[in-house]
>>> print(open('input00.pdb').read())   # PDB, C-alpha atoms, pLDDT in the B column
ATOM      1  CA  MET A   1     -29.486 -67.272   2.892  1.00 55.00           C
ATOM      2  CA  SER A   2     -28.828 -64.197   1.021  1.00 58.00           C
ATOM      3  CA  GLN A   3     -25.462 -62.725   0.823  1.00 62.00           C
ATOM      4  CA  GLU A   4     -25.125 -59.144   1.957  1.00 62.00           C
ATOM      5  CA  PRO A   5     -23.186 -56.814  -0.233  1.00 61.00           C
ATOM      6  CA  ASN A   6     -19.778 -55.769   0.994  1.00 61.00           C
ATOM      7  CA  THR A   7     -20.323 -52.471   2.827  1.00 64.00           C
ATOM      8  CA  THR A   8     -16.739 -51.963   3.790  1.00 63.00           C
ATOM      9  CA  PRO A   9     -15.760 -48.480   2.632  1.00 63.00           C
ATOM     10  CA  ALA A  10     -12.876 -48.173   0.234  1.00 62.00           C
ATOM     11  CA  PRO A  11      -9.693 -47.043   1.907  1.00 63.00           C
ATOM     12  CA  LYS A  12      -9.276 -43.245   1.787  1.00 67.00           C
ATOM     13  CA  ARG A  13      -6.249 -41.935   0.045  1.00 74.00           C
ATOM     14  CA  GLY A  14      -4.605 -38.969   1.761  1.00 80.00           C
ATOM     15  CA  VAL A  15      -2.752 -36.090   0.175  1.00 81.00           C
ATOM     16  CA  PRO A  16       0.824 -37.142  -0.443  1.00 85.00           C
ATOM     17  CA  LEU A  17       3.314 -35.857   2.101  1.00 87.00           C
ATOM     18  CA  TRP A  18       5.311 -33.939  -0.521  1.00 88.00           C
ATOM     19  CA  ALA A  19       2.173 -32.012  -1.532  1.00 80.00           C
ATOM     20  CA  GLN A  20       1.424 -31.140   2.094  1.00 83.00           C
ATOM     21  CA  ILE A  21       4.968 -29.853   2.539  1.00 90.00           C
ATOM     22  CA  LEU A  22       4.695 -27.701  -0.603  1.00 84.00           C
ATOM     23  CA  VAL A  23       1.422 -26.191   0.610  1.00 83.00           C
ATOM     24  CA  TRP A  24       2.950 -25.332   3.999  1.00 87.00           C
ATOM     25  CA  ILE A  25       6.049 -23.811   2.381  1.00 90.00           C
ATOM     26  CA  GLY A  26       3.816 -21.724   0.123  1.00 82.00           C
ATOM     27  CA  LEU A  27       1.719 -20.519   3.056  1.00 82.00           C
ATOM     28  CA  LEU A  28       4.799 -19.634   5.112  1.00 86.00           C
ATOM     29  CA  GLY A  29       6.278 -17.750   2.146  1.00 81.00           C
ATOM     30  CA  LEU A  30       3.044 -15.828   1.694  1.00 79.00           C
ATOM     31  CA  LEU A  31       2.985 -14.936   5.384  1.00 80.00           C
ATOM     32  CA  GLY A  32       6.620 -13.793   5.132  1.00 76.00           C
ATOM     33  CA  LEU A  33       5.800 -11.490   2.219  1.00 73.00           C
ATOM     34  CA  LEU A  34       2.812 -10.106   4.083  1.00 70.00           C
ATOM     35  CA  ALA A  35       4.946  -9.432   7.180  1.00 66.00           C
ATOM     36  CA  ALA A  36       7.631  -7.697   5.077  1.00 61.00           C
ATOM     37  CA  GLY A  37       4.986  -5.522   3.423  1.00 57.00           C
ATOM     38  CA  LEU A  38       3.511  -4.558   6.776  1.00 54.00           C
ATOM     39  CA  LEU A  39       6.944  -3.626   8.130  1.00 55.00           C
ATOM     40  CA  LYS A  40       7.642  -1.462   5.092  1.00 51.00           C
ATOM     41  CA  ALA A  41       4.235   0.219   5.349  1.00 47.00           C
ATOM     42  CA  LYS A  42       4.888   0.830   9.051  1.00 47.00           C
ATOM     43  CA  ASN A  43       7.936   2.951   8.163  1.00 51.00           C
ATOM     44  CA  PRO A  44       6.661   6.372   7.088  1.00 50.00           C
ATOM     45  CA  ILE A  45       8.355   8.629   4.581  1.00 67.00           C
ATOM     46  CA  LEU A  46      11.755   9.574   6.005  1.00 85.00           C
ATOM     47  CA  SER A  47      10.872  12.249   8.522  1.00 90.00           C
ATOM     48  CA  ILE A  48      12.537  15.550   9.317  1.00 93.00           C
ATOM     49  CA  GLY A  49      15.188  15.014  11.991  1.00 95.00           C
ATOM     50  CA  SER A  50      16.017  11.489  10.788  1.00 94.00           C
ATOM     51  CA  SER A  51      19.504  10.476   9.721  1.00 96.00           C
ATOM     52  CA  VAL A  52      19.487   9.770   5.995  1.00 96.00           C
ATOM     53  CA  PRO A  53      20.889   6.315   5.134  1.00 95.00           C
ATOM     54  CA  ASP A  54      23.930   6.362   2.881  1.00 96.00           C
ATOM     55  CA  PHE A  55      23.450   5.784  -0.841  1.00 96.00           C
ATOM     56  CA  THR A  56      25.489   5.950  -4.023  1.00 97.00           C
ATOM     57  CA  LEU A  57      24.214   7.804  -7.079  1.00 97.00           C
ATOM     58  CA  THR A  58      25.788   6.806 -10.391  1.00 97.00           C
ATOM     59  CA  LEU A  59      26.007   9.978 -12.451  1.00 98.00           C
ATOM     60  CA  PHE A  60      25.303  10.645 -16.095  1.00 98.00           C
ATOM     61  CA  SER A  61      28.379  11.279 -18.220  1.00 97.00           C
ATOM     62  CA  GLY A  62      28.850  15.037 -18.326  1.00 96.00           C
ATOM     63  CA  TYR A  63      27.143  15.505 -14.944  1.00 97.00           C
ATOM     64  CA  GLU A  64      29.878  14.140 -12.689  1.00 96.00           C
ATOM     65  CA  TYR A  65      30.779  15.470  -9.245  1.00 96.00           C
ATOM     66  CA  ASN A  66      34.390  16.668  -9.027  1.00 94.00           C
ATOM     67  CA  GLY A  67      35.240  14.390 -11.962  1.00 94.00           C
ATOM     68  CA  ALA A  68      33.798  11.255 -10.294  1.00 96.00           C
ATOM     69  CA  SER A  69      31.195   9.133 -12.071  1.00 97.00           C
ATOM     70  CA  GLU A  70      29.359   8.421  -8.827  1.00 97.00           C
ATOM     71  CA  VAL A  71      28.795  10.153  -5.527  1.00 97.00           C
ATOM     72  CA  LYS A  72      28.060   8.746  -2.070  1.00 97.00           C
ATOM     73  CA  LEU A  73      26.002  10.754   0.358  1.00 97.00           C
ATOM     74  CA  SER A  74      28.523   9.956   3.113  1.00 96.00           C
ATOM     75  CA  ASP A  75      31.270  11.603   1.035  1.00 96.00           C
ATOM     76  CA  LEU A  76      29.325  14.868   1.237  1.00 97.00           C
ATOM     77  CA  SER A  77      29.426  15.227   5.021  1.00 92.00           C
ATOM     78  CA  ASP A  78      30.067  18.809   6.117  1.00 94.00           C
ATOM     79  CA  LYS A  79      27.965  20.011   3.147  1.00 97.00           C
ATOM     80  CA  VAL A  80      24.279  20.791   2.787  1.00 98.00           C
ATOM     81  CA  VAL A  81      22.905  18.348   0.203  1.00 98.00           C
ATOM     82  CA  VAL A  82      19.819  19.143  -1.874  1.00 98.00           C
ATOM     83  CA  ILE A  83      18.403  15.926  -3.375  1.00 97.00           C
ATOM     84  CA  ASN A  84      15.854  16.589  -6.097  1.00 97.00           C
ATOM     85  CA  PHE A  85      13.820  13.743  -7.613  1.00 96.00           C
ATOM     86  CA  TRP A  86      12.677  14.641 -11.130  1.00 97.00           C
ATOM     87  CA  ALA A  87      11.743  13.103 -14.488  1.00 96.00           C
ATOM     88  CA  SER A  88      11.689  14.410 -18.046  1.00 97.00           C
ATOM     89  CA  TRP A  89       8.011  13.448 -18.368  1.00 96.00           C
ATOM     90  CA  CYS A  90       7.061  15.468 -15.253  1.00 96.00           C
ATOM     91  CA  GLN A  91       5.396  18.816 -16.069  1.00 96.00           C
ATOM     92  CA  PRO A  92       5.730  20.265 -12.525  1.00 96.00           C
ATOM     93  CA  CYS A  93       9.467  19.432 -12.632  1.00 97.00           C
ATOM     94  CA  ARG A  94       9.799  21.802 -15.564  1.00 97.00           C
ATOM     95  CA  THR A  95       8.432  24.705 -13.509  1.00 96.00           C
ATOM     96  CA  GLU A  96      11.247  24.448 -10.947  1.00 97.00           C
ATOM     97  CA  ALA A  97      14.195  23.309 -13.103  1.00 98.00           C
ATOM     98  CA  ALA A  98      15.524  26.794 -13.905  1.00 97.00           C
ATOM     99  CA  ASP A  99      15.177  27.901 -10.262  1.00 98.00           C
ATOM    100  CA  LEU A 100      17.093  24.850  -9.034  1.00 98.00           C
ATOM    101  CA  GLU A 101      19.889  25.562 -11.512  1.00 98.00           C
ATOM    102  CA  THR A 102      20.057  29.236 -10.509  1.00 98.00           C
ATOM    103  CA  ALA A 103      20.139  28.319  -6.806  1.00 98.00           C
ATOM    104  CA  TRP A 104      22.862  25.723  -7.455  1.00 98.00           C
ATOM    105  CA  ARG A 105      25.026  28.284  -9.278  1.00 98.00           C
ATOM    106  CA  SER A 106      24.651  30.730  -6.382  1.00 97.00           C
ATOM    107  CA  TYR A 107      26.162  28.157  -3.973  1.00 97.00           C
ATOM    108  CA  GLU A 108      28.493  26.184  -6.244  1.00 96.00           C
ATOM    109  CA  GLU A 109      31.632  28.257  -5.671  1.00 95.00           C
ATOM    110  CA  THR A 110      31.295  28.156  -1.874  1.00 95.00           C
ATOM    111  CA  GLY A 111      31.680  24.359  -1.839  1.00 95.00           C
ATOM    112  CA  GLN A 112      29.271  24.261   1.122  1.00 97.00           C
ATOM    113  CA  VAL A 113      26.211  23.060  -0.801  1.00 98.00           C
ATOM    114  CA  VAL A 114      25.783  20.224  -3.308  1.00 98.00           C
ATOM    115  CA  PHE A 115      22.723  19.667  -5.451  1.00 98.00           C
ATOM    116  CA  LEU A 116      22.014  16.118  -6.631  1.00 98.00           C
ATOM    117  CA  GLY A 117      19.453  15.507  -9.342  1.00 98.00           C
ATOM    118  CA  VAL A 118      17.933  12.019  -9.175  1.00 97.00           C
ATOM    119  CA  ASP A 119      16.193  11.080 -12.429  1.00 96.00           C
ATOM    120  CA  TYR A 120      13.209   8.908 -11.505  1.00 93.00           C
ATOM    121  CA  VAL A 121      11.784   6.199 -13.797  1.00 91.00           C
ATOM    122  CA  ASP A 122      12.988   7.742 -17.024  1.00 94.00           C
ATOM    123  CA  THR A 123      15.086   6.935 -20.063  1.00 95.00           C
ATOM    124  CA  GLU A 124      18.533   8.397 -20.587  1.00 96.00           C
ATOM    125  CA  PRO A 125      17.851  10.073 -23.971  1.00 97.00           C
ATOM    126  CA  GLU A 126      14.813  11.943 -22.614  1.00 97.00           C
ATOM    127  CA  ALA A 127      16.649  12.765 -19.369  1.00 97.00           C
ATOM    128  CA  ARG A 128      19.559  14.229 -21.335  1.00 98.00           C
ATOM    129  CA  GLU A 129      17.186  16.334 -23.451  1.00 98.00           C
ATOM    130  CA  TYR A 130      15.629  17.690 -20.245  1.00 98.00           C
ATOM    131  CA  MET A 131      19.018  18.495 -18.650  1.00 98.00           C
ATOM    132  CA  THR A 132      20.165  20.217 -21.859  1.00 98.00           C
ATOM    133  CA  GLU A 133      16.910  22.175 -22.208  1.00 97.00           C
ATOM    134  CA  PHE A 134      17.290  23.618 -18.698  1.00 97.00           C
ATOM    135  CA  ASN A 135      21.090  23.948 -18.919  1.00 97.00           C
ATOM    136  CA  LEU A 136      21.542  21.907 -15.734  1.00 98.00           C
ATOM    137  CA  SER A 137      25.106  21.797 -14.459  1.00 97.00           C
ATOM    138  CA  TYR A 138      24.802  20.140 -11.050  1.00 98.00           C
ATOM    139  CA  PRO A 139      25.446  16.396 -10.625  1.00 98.00           C
ATOM    140  CA  ASN A 140      22.601  14.260 -11.995  1.00 98.00           C
ATOM    141  CA  GLY A 141      22.084  10.540 -12.339  1.00 98.00           C
ATOM    142  CA  PRO A 142      19.400   7.913 -12.835  1.00 97.00           C
ATOM    143  CA  ASP A 143      17.750   6.167  -9.906  1.00 93.00           C
ATOM    144  CA  MET A 144      18.737   2.652 -11.028  1.00 86.00           C
ATOM    145  CA  GLY A 145      16.042   0.215  -9.902  1.00 87.00           C
ATOM    146  CA  THR A 146      14.493   3.005  -7.776  1.00 89.00           C
ATOM    147  CA  ARG A 147      17.005   2.147  -5.024  1.00 90.00           C
ATOM    148  CA  ILE A 148      17.466   5.737  -3.891  1.00 93.00           C
ATOM    149  CA  SER A 149      13.781   6.643  -3.941  1.00 90.00           C
ATOM    150  CA  GLN A 150      13.090   3.558  -1.813  1.00 89.00           C
ATOM    151  CA  ILE A 151      15.452   4.914   0.858  1.00 89.00           C
ATOM    152  CA  PHE A 152      13.256   7.982   1.090  1.00 85.00           C
ATOM    153  CA  ASN A 153      10.134   5.764   0.770  1.00 72.00           C
ATOM    154  CA  ARG A 154       8.799   8.379  -1.594  1.00 62.00           C
ATOM    155  CA  ASN A 155       5.467   7.563  -3.052  1.00 62.00           C
ATOM    156  CA  LEU A 156       3.869  10.887  -3.752  1.00 66.00           C
ATOM    157  CA  GLY A 157       5.325  11.584  -7.195  1.00 81.00           C
ATOM    158  CA  VAL A 158       7.853  13.966  -8.698  1.00 92.00           C
ATOM    159  CA  PRO A 159       9.192  16.499  -8.094  1.00 95.00           C
ATOM    160  CA  GLU A 160      10.240  15.909  -4.515  1.00 94.00           C
ATOM    161  CA  THR A 161      13.230  17.551  -2.857  1.00 96.00           C
ATOM    162  CA  TYR A 162      15.005  16.582   0.357  1.00 96.00           C
ATOM    163  CA  VAL A 163      17.518  18.871   2.085  1.00 98.00           C
ATOM    164  CA  VAL A 164      20.129  17.138   4.244  1.00 97.00           C
ATOM    165  CA  ASP A 165      22.347  19.041   6.663  1.00 97.00           C
ATOM    166  CA  GLN A 166      26.089  18.747   7.224  1.00 96.00           C
ATOM    167  CA  GLN A 167      25.595  15.900   9.724  1.00 96.00           C
ATOM    168  CA  GLY A 168      23.466  13.814   7.345  1.00 96.00           C
ATOM    169  CA  VAL A 169      20.164  14.713   9.020  1.00 97.00           C
ATOM    170  CA  LEU A 170      17.056  15.429   6.952  1.00 96.00           C
ATOM    171  CA  ARG A 171      16.039  19.051   7.562  1.00 97.00           C
ATOM    172  CA  PHE A 172      13.430  19.800   4.896  1.00 96.00           C
ATOM    173  CA  ILE A 173      11.053  18.031   2.511  1.00 94.00           C
ATOM    174  CA  GLN A 174       9.458  19.741  -0.483  1.00 94.00           C
ATOM    175  CA  ILE A 175       6.629  17.819  -2.129  1.00 92.00           C
ATOM    176  CA  GLY A 176       5.922  19.416  -5.490  1.00 94.00           C
ATOM    177  CA  PRO A 177       7.862  22.149  -7.258  1.00 97.00           C
ATOM    178  CA  PHE A 178       9.603  25.126  -5.680  1.00 97.00           C
ATOM    179  CA  GLN A 179       8.098  28.443  -6.710  1.00 97.00           C
ATOM    180  CA  SER A 180      11.258  30.593  -6.705  1.00 98.00           C
ATOM    181  CA  VAL A 181      15.003  30.751  -6.132  1.00 98.00           C
ATOM    182  CA  ALA A 182      14.325  32.775  -2.967  1.00 98.00           C
ATOM    183  CA  GLU A 183      12.231  29.905  -1.594  1.00 98.00           C
ATOM    184  CA  ILE A 184      15.124  27.466  -2.131  1.00 98.00           C
ATOM    185  CA  GLN A 185      17.650  29.864  -0.578  1.00 98.00           C
ATOM    186  CA  ALA A 186      15.395  30.438   2.436  1.00 97.00           C
ATOM    187  CA  ILE A 187      15.713  26.729   3.229  1.00 97.00           C
ATOM    188  CA  ILE A 188      19.459  26.416   2.626  1.00 98.00           C
ATOM    189  CA  ASP A 189      20.794  29.690   4.086  1.00 97.00           C
ATOM    190  CA  PRO A 190      19.820  28.988   7.724  1.00 96.00           C
ATOM    191  CA  LEU A 191      21.756  25.693   7.534  1.00 96.00           C
ATOM    192  CA  LEU A 192      24.899  27.601   6.527  1.00 96.00           C
ATOM    193  CA  VAL A 193      24.783  30.074   9.425  1.00 88.00           C
ATOM    194  CA  GLY A 194      27.851  29.768  11.636  1.00 61.00           C
ATOM    195  CA  ARG A 195      29.847  27.839   9.052  1.00 57.00           C
TER     196      ARG A 195
END
>>> encode(input="input00.pdb", output="structure tokens")
Amino acid sequence: MSQEPNTTPAPKRGVPLWAQILVWIGLLGLLGLLAAGLLKAKNPILSIGSSVPDFTLTLFSGYEYNGASEVKLSDLSDKVVVINFWASWCQPCRTEAADLETAWRSYEETGQVVFLGVDYVDTEPEAREYMTEFNLSYPNGPDMGTRISQIFNRNLGVPETYVVDQQGVLRFIQIGPFQSVAEIQAIIDPLLVGR
């Protein structure tokens, strides 16, 4: 009588419940991030005819608007607003800087048009050198944490300019630099007709 070896399999140990829960939480979080990314990608660059969401631009010292250190888009209703994204490191920005300043000065006294310079991914010392070099006098401020550029969902680079009418509706998008003061005025002047 020979004794047969014990062929009973060893009990299987499962994955602990806490580890299973962590895996599921991780998967759900990943799916949530994927869904958020798809929703953001689904929203195109702010299109012409869209209402522009309100934002606040903190301004550089010396570049305030009516003495205020920040400006809200909603506070500029009844004005045409020219929002120019620029950076000191941007060569094409340099080609339009003088024209933007000249256009701004041609409208400044009317009080009907406001230019806002939004310094994109830059450092303050270099931004100040740029503004001094081109003798900029219109309100300018840094895009802290790229919050303003995210509103416009801009992803093409600088310079980019957005023209908003008196009702807060986007009326024009310029990707790349303007070529002349006349080109800038040709966009703004029709929005001032009848005012």
>>> resolve_selection(input="input00.pdb", expression="the PyMOL selection byres ((chain A and resi 101) around 8)", output="NGL selection string")
:A and (97-100 or 102-105 or 134-138)
>>> closest_atom_pairs(input="input00.pdb", of="segment 94-116 of chain A", to="segment 50-70 of chain A", cutoff="12 Å", atoms="all atoms listed in the file", output="JSON lines")
{"residue": "A:Glu108", "atom": "CA", "partner": "A:Tyr65", "partner_atom": "CA", "distance": 11.4}
{"residue": "A:Gly111", "atom": "CA", "partner": "A:Asn66", "partner_atom": "CA", "distance": 10.9}
{"residue": "A:Val114", "atom": "CA", "partner": "A:Tyr65", "partner_atom": "CA", "distance": 9.1}
{"residue": "A:Phe115", "atom": "CA", "partner": "A:Tyr65", "partner_atom": "CA", "distance": 9.8}
{"residue": "A:Leu116", "atom": "CA", "partner": "A:Leu57", "partner_atom": "CA", "distance": 8.6}
>>> closest_residue(input="input00.pdb", among="A:Glu160, A:Glu183, A:Asp75, A:Glu133", to="Pro92 of chain A", atoms="all atoms listed in the file")
A:Glu160
>>> closest_residue(input="input00.pdb", among="A:Leu17, A:Pro142, A:Tyr130, A:Glu96", to="Gly117 of chain A", atoms="all atoms listed in the file")
A:Pro142
>>> closest_residue(input="input00.pdb", among="A:Leu73, A:Val113, A:Ala127, A:Val118", to="Thr146 of chain A", atoms="all atoms listed in the file")
A:Val118
>>> atom_distance(input="input00.pdb", atom1="atom CA of Glu129 of chain A", atom2="atom CA of Gly157 of chain A")
20.7 Å
>>> resolve_selection(input="input00.pdb", expression="the PyMOL selection byres ((chain A and resi 170-174) around 8)", output="ChimeraX atom specification")
/A:46-52,160-165,168-169,175-178,187
>>> closest_residue(input="input00.pdb", among="A:Gly29, A:Val82, A:Arg13, A:Arg128", to="Gln112 of chain A", atoms="all atoms listed in the file")
A:Val82
>>> closest_residue(input="input00.pdb", among="A:Val121, A:Leu191, A:Ile184, A:Val15", to="Trp86 of chain A", atoms="all atoms listed in the file")
A:Val121
>>> axis_aligned_box(input="input00.pdb", around="segment 166-182 of chain A", padding_each_side="4 Å", output="JSON")
{"center_x": 16.0, "center_y": 23.3, "center_z": 1.2, "size_x": 28.2, "size_y": 27.0, "size_z": 25.0}
>>> closest_residue(input="input00.pdb", among="A:Thr123, A:Ser106, A:Gln185, A:Gln179", to="Arg94 of chain A", atoms="all atoms listed in the file")
A:Gln179
